[in-house]
Amino acid sequence: MDGLLAVSWLVPFLPLLAFALLTLFGSRLGQGAAWLSILFTGVAAVLAVLLLSPASTYLQDQQHPYQWGFSWLQIGSVTVSLGVSLTGLNLLMLPIVSVIALLVQVYAVGYMHGDARYPRFFAYMSLFTGSMLALVVSPNFLQLYIFWEMVGLCSYLLIGFWYQRSQAAKAAKKAFIVTRIGDVGLLVAIFLIFAATGSFEFSAVIQAVQSRQLGGGFVTAIALLIFLGAAGKSAQFPLHVWLPDAMEGPTPVSALIHAATMVAAGVYLVALTFPIFAASAAAMQVVAWIGAISAFLAATIALAQTDFKRVIAYSTISQLGYMMLGLGVGSITAGMFHLTTHAVFKALLFLAVGAVIHEADTQELDEVSGLWGKMKITAITFFIGALALSGIPPFAGFWSKDGILAAVVSQGNWGLAVLGFLTVLLTAFYIWRIGFRLFFGEQRAPHGYEKVHEAPLMMMVPMGLLALGAIGTGFFGGNISRLLGSGAVPEAGWGVAILATVLALVGIGAAFLTYLRPGFGEAAVARLLGPVWIAFKRKYWIDEGYQAGVVRPTLALAAGVRQADGNIIDTAVESVGAAPGAIGEGVARAQTGRAQTYLAVGTIAVVLLVIVSVIGGSR
Amino acid sequence: MPPTLIDITGQWQYLLAEMVLVGGGIVAMIVDLLLPRRNKSVVGYFSLAIVLAAITVVAVQMGRHVGGYLQFQYVGATGWKNTVVVDLFAQLMSLIMLVGALFVLVMDVYDWRGRQGYEGESYYLILFATTGALLMANSADLITLFIGMELLSLPSYVLAGLHRQNVKSNEAGLKYFLYGGLATAAILYGMSFLYGLSGTTDLVAMPSAIASQLPNERLFFDIAFAFLLLGLGFKMAVVPFHMWAPDVYEGAPTPVTAYLSVVSKVAGFAMATRVLIVPFLPVVAESTTAAHTGLPLVTILAIVAVLSMLGGNAAALRQRNAKRLFAYSSIAQAGYVLVGLAAMPGQSAATAGSMVFYLAVYALMNVGAFVTIEWVTRAAGDESLAAFAGLGRRSPWMAFAFTVCLLSLGGFPITAGFWGKFFLFSFAVNAQLSWLAYAGMVLSVISFVYYFRFIRQMYFVRPATAETLQVDAGNTVVLALCTVGVLFFGIVPNVLMGPAQAVGASFLSMLNAVP
């Protein structure tokens, strides 16, 4: 059994190896590229599942996680290792990441069939899977940060995979830059931690926090900076703007990276460094409120979007908000349980709409509807996912969302609770809106309804397996809480469960009335809500706000600096009448005339320095 | 126990690298005179061999006499000592500059193909300039440092203007000459203050001599610092002394631009470490204790660093000309290194090491970038970003190499550039300059925007021509070495950081050495 632990490093290593092989030989392999990638990811997934039992036994017996690694670099007297640490938290993450990656890759065999850069796609998918797994097993902040950036890079590559679309290239860059803003927060936090504790190891840092070696304000600052990184990666308000645009990538990418795994890395990071958050009430409040606000805002935006893939993207932001909310009110178990079930049912929803996009070749609700007659299996799997997302018992989402709501209620923060429950209603409405409009109503598709049929088998099999998961994973709450050792899934009696279920049913009912009953429709809802609906539809103008508040000022600054290198200082210097003329005037005049300016700027700076020091010295 | 400096007067083998370069340069000059016009590339290959020989010399001498200091004296002269210090800092910096010069020569040989002009001159001028650059790194005496600086500068002015048919190149040469002249004057003036205050030109003896003068003469130290900062600021191309760089970088032949941005800049930092930091350490030390009234020297360096990172990164955002964009990029990169320079008084050993690490990495990634720029812009006859359109299709390996260099310049993990910034910033935090480190991290995010413009062009834009870009063997090797180096030091940074930290340690002991 210990032998299995000793090869645990293979879990992240195998997909990374697959990436290396595919980069070198991918173009020669052609269609075989997919199978190489699937084989390596498959072995990693099997290993990840097999590790569960011996590693958790080890954890219980030894009272510390299994660790393996080698010395990687030396900073002063500090050694940083590259390796594997098997805690309860990452033992949970490894199977989630690897199994979903495996299923999505199988699905992609069908979805990406015929793409000109087919081997490249699977190379990137392998790189992503390996990086994400290496992130998860990190024993220290440095390794985590490096792979944190690597998954960001993979996300960039895969969002922009279809670079022929100009939107895809823009979206890729936006995702990269926005998440990097969060990443700077994380990096600064890592530096602060290192400066304060002299270590990058999670265990050392957590020990320093728990022994109250670090000051209260300092801990809050670190927690908030870490959360900035987490919010960027997990697309939480106000850094959520990149995720909907990321839907320009191929749908398997959306399913794997922008729903099930990478975006969950932020939630994972908060859970991992939870003791730091727990030491600061203020930081916990911020996490809880940002989570609740993201959950609610994203759900309202999802109501009014007509691009159905984007609706599911907003749904992801909203559900990640729930997870943050769960962590923010103090329950790692609830947050991570929801991460698990969400990974399954959200991957399922994406694969199901992916099948629709694959067949109907559109993402616009206005262009396609009534597919039930053609895609019954896809419709059924979609509705299973929708039931799980809306939180109807006994589907998976019910159990985990109930855990979060119970934790919120038992903490007694009514503001958070109201947002949490309202979002349940909205969630049910927006996802069933998609379901009803896609699969019922007038039968049409952009390239002819008759041409639409079920997706290939390779795509249907993963969907079927995930559908089973969306039904079943809800029953593993107990196992997850035992594995994490972070307390049971919160319960708050029947009241919360019944209220949430009723709200979800009301949402479904409202969607049914709106979209399936004649005489009422989206136009009526829009009229009823007036400007509020427009605010939803325009996503609260947040993108425009960034454009006006951040992007344009930055470009203006850039233009300003460039100007300063040319005209402004030129004029300023001339008007000051500084005397650069003495320096080779005759020669300089033959040239652009700027030479004197350049010299004058440097000289003036020094003259100022000297003046300051003379004044300073005479005090 | 401070190390004792070892007197090795007369053991000239420790100047062998410089001698090889100068001797090779003179031979190249004569050979050039005898050769017919179409065979000038022979001079180029000869110069390559000379630089390789110098690299071998430095590599063989590397690490000898660690912990001790070997000094030369002018034979027979009295009162002039410590002309050259042989320490790890000098050796590693020399190696970086020689490798940079080697790569630039490879670029240069190609650049002259199909061009008329002073081809032979360009090769041996690089040899002479590199001799000066080496002296700037391994001298610990104001006079020798100054001679080294001039030996680097004068050929550089000529090199920048060597494409005489090109108006921009002419202008670049003349402008560079004008600014360089002012910089030289300022440095000499600053040095005269240092000599006046300490009574010595010997940088090893200077700190203790200065410490005794400090309480009375603080103002003059500040003035000396201000002038040295002006002059060296020009050499390093940092804001607000950077304004020559965009024009000169754009106008100069691309290999010369690469030379200025790598070898010249590294030499500038080497000299700044010796002249702008070492003599002023007692000044800074006193500032932290006494209620002083002078300039906050560390803060000034930090402000220049922030201005460079901000100005360089922001101005690069709006550039459309690749070479001009890289001028601003180099200004920002110099800003990162300045973070290390500013942290040095607080945390000398480690910071000197991280600075050497960064400069080594910077040389690799910037040369890699300039090789790509040279080939792409030359083939397209266009220096705008659009020339890079579809390079990912046309020459996948070159596009990959360029991408690695760009990611490294931006500081992305698993490239060496990440570790370079990581070490610089983490030692800045240790040196109580956290705010500077955080400013650097935030400002470096901007750089991704413009580095990604190249990546976008290469991979996301259709090429104007489907023609693949054929690169000759020499440049392919250079580009491959740069890329592999950037990746290798990114994956196993310790291989380079180990020696670099030893540099820091040996550099520190020079400060405490007994002359």
# chains A, B, ... in the order shown; residues from 1 in each chain; ligands from 1
call {"tool": "residues_around", "arguments": {"residues": "Met398 in chain B", "least_positions_apart": "3", "cutoff": "12 Å", "atoms": "only C-alpha atoms", "output": "ChimeraX atom specification"}}
result
/B:368-376,388,390-395,401-405,455,458-459,468-471,475-480,482-483
call {"tool": "closest_residue", "arguments": {"among": "B:Pro279, B:Pro36, B:Pro207, B:Pro463", "to": "chain A", "atoms": "only C-alpha atoms"}}
result
B:Pro463
call {"tool": "closest_residue", "arguments": {"among": "A:Gln63, A:Thr197, A:Ser331, A:Gln74", "to": "Val489 in chain A", "atoms": "only C-alpha atoms"}}
result
A:Ser331
call {"tool": "closest_residue", "arguments": {"among": "A:His338, A:Ser234, A:Met247, A:Val311", "to": "Ile290 in chain A", "atoms": "only C-alpha atoms"}}
result
A:Ser234
call {"tool": "residues_around", "arguments": {"residues": "Phe103 in chain B", "least_positions_apart": "5", "cutoff": "12 Å", "atoms": "only C-alpha atoms", "output": "ChimeraX atom specification"}}
result
/B:44,47-49,51-52,96-98,108-110,126,255-256,258-259,262-263,363-371,474-482
call {"tool": "residues_around", "arguments": {"residues": "Ala470 in chain A", "least_positions_apart": "6", "cutoff": "10 Å", "atoms": "only C-alpha atoms", "output": "ChimeraX atom specification"}}
result
/A:341-349,381,384-389,394-397,464
call {"tool": "atom_distance", "arguments": {"atom1": "CA of Gly152 in chain A", "atom2": "CA of Arg180 in chain A"}}
result
8.4 Å
call {"tool": "closest_residue", "arguments": {"among": "B:Leu385, B:Leu406, B:Val106, B:Ala439", "to": "chain A", "atoms": "only C-alpha atoms"}}
result
B:Ala439
call {"tool": "atom_distance", "arguments": {"atom1": "CA of Glu121 in chain B", "atom2": "CA of Leu134 in chain B"}}
result
19.9 Å
call {"tool": "atom_distance", "arguments": {"atom1": "CA of Leu33 in chain B", "atom2": "CA of Thr56 in chain B"}}
result
27.8 Å
call {"tool": "residues_around", "arguments": {"residues": "Ile508 in chain A", "least_positions_apart": "2", "cutoff": "10 Å", "atoms": "only C-alpha atoms", "output": "PyMOL selection string"}}
result
chain A and resi 386-387+390+425-433+436+502-506+510-514
call {"tool": "write_last_selection", "arguments": {"atoms": "N, CA, C and O atoms", "output": "PDB file, in the first residue's frame"}}
result
ATOM      1  N   ALA A 386     -29.798  20.095 -14.710  1.00  0.00           N
ATOM      2  CA  ALA A 386     -30.585  21.245 -14.278  1.00  0.00           C
ATOM      3  C   ALA A 386     -31.233  20.974 -12.921  1.00  0.00           C
ATOM      4  O   ALA A 386     -31.287  21.861 -12.059  1.00  0.00           O
ATOM      5  N   LEU A 387     -31.705  19.738 -12.738  1.00  0.00           N
ATOM      6  CA  LEU A 387     -32.306  19.391 -11.437  1.00  0.00           C
ATOM      7  C   LEU A 387     -31.246  19.473 -10.339  1.00  0.00           C
ATOM      8  O   LEU A 387     -31.513  19.965  -9.236  1.00  0.00           O
ATOM      9  N   SER A 390     -30.516  23.169  -9.718  1.00  0.00           N
ATOM     10  CA  SER A 390     -31.565  23.889  -8.993  1.00  0.00           C
ATOM     11  C   SER A 390     -31.697  23.404  -7.559  1.00  0.00           C
ATOM     12  O   SER A 390     -32.297  24.081  -6.740  1.00  0.00           O
ATOM     13  N   LEU A 425     -33.889  30.591  -6.018  1.00  0.00           N
ATOM     14  CA  LEU A 425     -35.034  30.842  -6.895  1.00  0.00           C
ATOM     15  C   LEU A 425     -34.567  31.236  -8.297  1.00  0.00           C
ATOM     16  O   LEU A 425     -35.015  30.689  -9.307  1.00  0.00           O
ATOM     17  N   LEU A 426     -33.626  32.186  -8.331  1.00  0.00           N
ATOM     18  CA  LEU A 426     -33.133  32.672  -9.619  1.00  0.00           C
ATOM     19  C   LEU A 426     -32.445  31.557 -10.406  1.00  0.00           C
ATOM     20  O   LEU A 426     -32.609  31.444 -11.620  1.00  0.00           O
ATOM     21  N   THR A 427     -31.679  30.736  -9.669  1.00  0.00           N
ATOM     22  CA  THR A 427     -30.938  29.651 -10.325  1.00  0.00           C
ATOM     23  C   THR A 427     -31.899  28.720 -11.052  1.00  0.00           C
ATOM     24  O   THR A 427     -31.711  28.385 -12.233  1.00  0.00           O
ATOM     25  N   ALA A 428     -32.921  28.308 -10.341  1.00  0.00           N
ATOM     26  CA  ALA A 428     -33.881  27.389 -10.945  1.00  0.00           C
ATOM     27  C   ALA A 428     -34.498  28.027 -12.183  1.00  0.00           C
ATOM     28  O   ALA A 428     -34.643  27.394 -13.233  1.00  0.00           O
ATOM     29  N   PHE A 429     -34.812  29.326 -12.092  1.00  0.00           N
ATOM     30  CA  PHE A 429     -35.457  29.996 -13.217  1.00  0.00           C
ATOM     31  C   PHE A 429     -34.533  30.023 -14.433  1.00  0.00           C
ATOM     32  O   PHE A 429     -34.909  29.622 -15.527  1.00  0.00           O
ATOM     33  N   TYR A 430     -33.289  30.486 -14.235  1.00  0.00           N
ATOM     34  CA  TYR A 430     -32.454  30.684 -15.439  1.00  0.00           C
ATOM     35  C   TYR A 430     -32.077  29.376 -16.105  1.00  0.00           C
ATOM     36  O   TYR A 430     -31.990  29.290 -17.319  1.00  0.00           O
ATOM     37  N   ILE A 431     -31.861  28.318 -15.310  1.00  0.00           N
ATOM     38  CA  ILE A 431     -31.408  27.093 -15.962  1.00  0.00           C
ATOM     39  C   ILE A 431     -32.579  26.400 -16.666  1.00  0.00           C
ATOM     40  O   ILE A 431     -32.426  25.841 -17.758  1.00  0.00           O
ATOM     41  N   TRP A 432     -33.766  26.498 -16.074  1.00  0.00           N
ATOM     42  CA  TRP A 432     -34.919  25.882 -16.746  1.00  0.00           C
ATOM     43  C   TRP A 432     -35.371  26.724 -17.928  1.00  0.00           C
ATOM     44  O   TRP A 432     -35.942  26.203 -18.883  1.00  0.00           O
ATOM     45  N   ARG A 433     -35.127  28.022 -17.851  1.00  0.00           N
ATOM     46  CA  ARG A 433     -35.386  28.871 -19.026  1.00  0.00           C
ATOM     47  C   ARG A 433     -34.608  28.324 -20.223  1.00  0.00           C
ATOM     48  O   ARG A 433     -35.151  28.165 -21.314  1.00  0.00           O
ATOM     49  N   PHE A 436     -36.123  24.810 -21.224  1.00  0.00           N
ATOM     50  CA  PHE A 436     -37.407  24.885 -21.918  1.00  0.00           C
ATOM     51  C   PHE A 436     -37.242  25.489 -23.304  1.00  0.00           C
ATOM     52  O   PHE A 436     -37.839  25.028 -24.275  1.00  0.00           O
ATOM     53  N   VAL A 502     -38.726  24.453  -2.048  1.00  0.00           N
ATOM     54  CA  VAL A 502     -39.917  25.156  -2.519  1.00  0.00           C
ATOM     55  C   VAL A 502     -39.513  26.305  -3.436  1.00  0.00           C
ATOM     56  O   VAL A 502     -40.081  26.497  -4.511  1.00  0.00           O
ATOM     57  N   LEU A 503     -38.498  27.051  -3.018  1.00  0.00           N
ATOM     58  CA  LEU A 503     -38.037  28.169  -3.850  1.00  0.00           C
ATOM     59  C   LEU A 503     -37.588  27.676  -5.223  1.00  0.00           C
ATOM     60  O   LEU A 503     -37.904  28.287  -6.253  1.00  0.00           O
ATOM     61  N   ALA A 504     -36.861  26.554  -5.226  1.00  0.00           N
ATOM     62  CA  ALA A 504     -36.401  26.011  -6.501  1.00  0.00           C
ATOM     63  C   ALA A 504     -37.588  25.613  -7.363  1.00  0.00           C
ATOM     64  O   ALA A 504     -37.633  25.896  -8.567  1.00  0.00           O
ATOM     65  N   LEU A 505     -38.579  24.980  -6.738  1.00  0.00           N
ATOM     66  CA  LEU A 505     -39.765  24.562  -7.505  1.00  0.00           C
ATOM     67  C   LEU A 505     -40.506  25.775  -8.036  1.00  0.00           C
ATOM     68  O   LEU A 505     -40.989  25.777  -9.169  1.00  0.00           O
ATOM     69  N   VAL A 506     -40.578  26.841  -7.232  1.00  0.00           N
ATOM     70  CA  VAL A 506     -41.224  28.069  -7.700  1.00  0.00           C
ATOM     71  C   VAL A 506     -40.483  28.599  -8.921  1.00  0.00           C
ATOM     72  O   VAL A 506     -41.094  29.009  -9.914  1.00  0.00           O
ATOM     73  N   ALA A 510     -42.080  29.082 -12.478  1.00  0.00           N
ATOM     74  CA  ALA A 510     -42.130  30.388 -13.141  1.00  0.00           C
ATOM     75  C   ALA A 510     -41.545  30.285 -14.543  1.00  0.00           C
ATOM     76  O   ALA A 510     -42.089  30.862 -15.498  1.00  0.00           O
ATOM     77  N   ALA A 511     -40.449  29.541 -14.666  1.00  0.00           N
ATOM     78  CA  ALA A 511     -39.855  29.363 -15.995  1.00  0.00           C
ATOM     79  C   ALA A 511     -40.831  28.627 -16.902  1.00  0.00           C
ATOM     80  O   ALA A 511     -40.991  28.969 -18.078  1.00  0.00           O
ATOM     81  N   PHE A 512     -41.499  27.630 -16.359  1.00  0.00           N
ATOM     82  CA  PHE A 512     -42.478  26.866 -17.137  1.00  0.00           C
ATOM     83  C   PHE A 512     -43.586  27.791 -17.638  1.00  0.00           C
ATOM     84  O   PHE A 512     -43.910  27.823 -18.825  1.00  0.00           O
ATOM     85  N   LEU A 513     -44.130  28.605 -16.711  1.00  0.00           N
ATOM     86  CA  LEU A 513     -45.210  29.513 -17.099  1.00  0.00           C
ATOM     87  C   LEU A 513     -44.738  30.513 -18.130  1.00  0.00           C
ATOM     88  O   LEU A 513     -45.446  30.838 -19.078  1.00  0.00           O
ATOM     89  N   THR A 514     -43.555  31.001 -17.940  1.00  0.00           N
ATOM     90  CA  THR A 514     -43.052  32.048 -18.849  1.00  0.00           C
ATOM     91  C   THR A 514     -42.796  31.510 -20.246  1.00  0.00           C
ATOM     92  O   THR A 514     -43.153  32.130 -21.240  1.00  0.00           O
TER      93      THR A 514
END
call {"tool": "residues_around", "arguments": {"residues": "Ala350 in chain B", "least_positions_apart": "5", "cutoff": "7 Å", "atoms": "only C-alpha atoms", "output": "PyMOL selection string"}}
result
chain B and resi 427+501+504
call {"tool": "write_last_selection", "arguments": {"atoms": "C-alpha atoms", "output": "short mmCIF file (atom, residue, chain, number, x, y, z; two decimals), in the first residue's frame"}}
result
data_model
loop_
_atom_site.label_atom_id
_atom_site.label_comp_id
_atom_site.auth_asym_id
_atom_site.auth_seq_id
_atom_site.Cartn_x
_atom_site.Cartn_y
_atom_site.Cartn_z
CA PHE B 427 15.45 40.42 -1.25
CA GLN B 501 24.65 33.73 -4.34
CA GLY B 504 26.90 37.96 -3.40
#
call {"tool": "residues_around", "arguments": {"residues": "range 233-239 of chain B", "least_positions_apart": "4", "cutoff": "6 Å", "atoms": "only C-alpha atoms", "output": "mmCIF file with N, CA, C and O atoms, in the first residue's frame"}}
result
data_model
loop_
_atom_site.group_PDB
_atom_site.id
_atom_site.type_symbol
_atom_site.label_atom_id
_atom_site.label_comp_id
_atom_site.auth_asym_id
_atom_site.auth_seq_id
_atom_site.Cartn_x
_atom_site.Cartn_y
_atom_site.Cartn_z
ATOM 1 N N LEU B 229 24.777 59.436 -10.335
ATOM 2 C CA LEU B 229 23.480 58.876 -10.717
ATOM 3 C C LEU B 229 23.098 59.354 -12.111
ATOM 4 O O LEU B 229 22.608 58.575 -12.938
ATOM 5 N N LYS B 265 24.301 47.612 -21.027
ATOM 6 C CA LYS B 265 23.473 47.777 -19.834
ATOM 7 C C LYS B 265 24.046 46.982 -18.671
ATOM 8 O O LYS B 265 24.129 47.489 -17.543
ATOM 9 N N GLY B 268 26.894 48.808 -17.382
ATOM 10 C CA GLY B 268 26.430 49.953 -16.593
ATOM 11 C C GLY B 268 26.063 49.543 -15.177
ATOM 12 O O GLY B 268 26.419 50.207 -14.200
ATOM 13 N N LEU B 307 10.048 54.799 -11.226
ATOM 14 C CA LEU B 307 9.818 55.598 -12.435
ATOM 15 C C LEU B 307 10.159 54.782 -13.681
ATOM 16 O O LEU B 307 9.451 54.842 -14.690
ATOM 17 N N SER B 308 11.243 54.019 -13.621
ATOM 18 C CA SER B 308 11.632 53.240 -14.794
ATOM 19 C C SER B 308 10.619 52.151 -15.094
ATOM 20 O O SER B 308 10.252 51.928 -16.249
ATOM 21 N N ILE B 331 14.004 49.616 -20.687
ATOM 22 C CA ILE B 331 13.988 50.609 -19.605
ATOM 23 C C ILE B 331 13.277 50.025 -18.382
ATOM 24 O O ILE B 331 13.749 50.125 -17.249
#
